[in-house]
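Report on one structure; see the data block that follows.
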Amino acid sequence: MATQIQRRIIFLVLISVFLLWAPVESIRFDLESGHTKCISEDIKSNSMTVGKYQIVNPNDGHPLPDSHKVTVRVTSAYGNSYHYSDHVTEGHFAFQAVEAGDYMACFFAADSKPSTSITIDFDWKSGVAAKDWTNVAKKGSVELMELELKKMFDTVQSIHDEMYYLRGREDEMQQLNRSTNAKMFWFGFLSILVCLSVAGLQLWHLKSFFEKKKLI
């Protein structure tokens with residue numbers, strides 16, 4: 001059992017390393033007027049997260065139409081609001097997550113006639129990816145090697161936190177399994193006890209019936 005847990009932790013850590021070092025690219029999606037589209041991001045507590053969004057101009061060289069504006073709200077898994085902008089063409093947000101879980105960024109386009117489709121560029125980063133290392137290097141005059149070491153340190157720290165998080169989840173799962181097994185044991189024991197009681201009552205009833213009929 002311990003070997004399987006260790007293998008699972010190592011596998012998840014390797015995935016985390018890959019995700020941490022993989023290049024983060026912005027996403028682009030279309031939003032119809034009168035509709036809402038939400039994007040979720042799983043963020044650990046005390047992790048830094050930054051986001052940036054902008055409406056793509058359908059006609060380069062011309063101002064954006066008045067209909068090309070959106071309302072943006074970012075909320076935690078518990079419904080707490082971390083960002084809100086109304087009737088905007090672009091914006092950004094940055095905060096440190098207090099609660100762990102799925103955070104939702106919802107975009108709403110007001111209804112218009114005729115119906116329009118709005119294209120939005122959205123870039124959302126969290127954890128190590130949320131740190132702008134280029135600005136850190138420029139502001140602090142950090143050497144390239146020192147900069148790489150800082151990035152590696154943050155990555156290792158993130159992996160360390162992820163391992164403790166996975167161990168905590170594994171402990172929770174083991175406690176849940178033990179609790180479920182105990183409940184199933186008592187449920188099975190009570191079921192057998194009820195079945196034996198019913199069988200005993202049936203035998204007693206049959207014996208009384210045959211005695212009254214003087215068959216035995």
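By order in the structure tokens, chains are A, B, ...; within a chain, residues start at 1; ligands start at 1, following the order shown.
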
Problem - DSSP strand (DSSP E or B) residues within region 24-169 of chain A, as an NGL selection string - result: :A and (27-32 or 36-43 or 48-55 or 70-75 or 81-88 or 90-96 or 101-109 or 117-126)

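Using only C-alpha atoms for every distance, the candidate list A:Leu64, A:Gly127, A:Lys44, A:Arg28 yields A:Lys44 as the residue closest to Leu166 (chain A).
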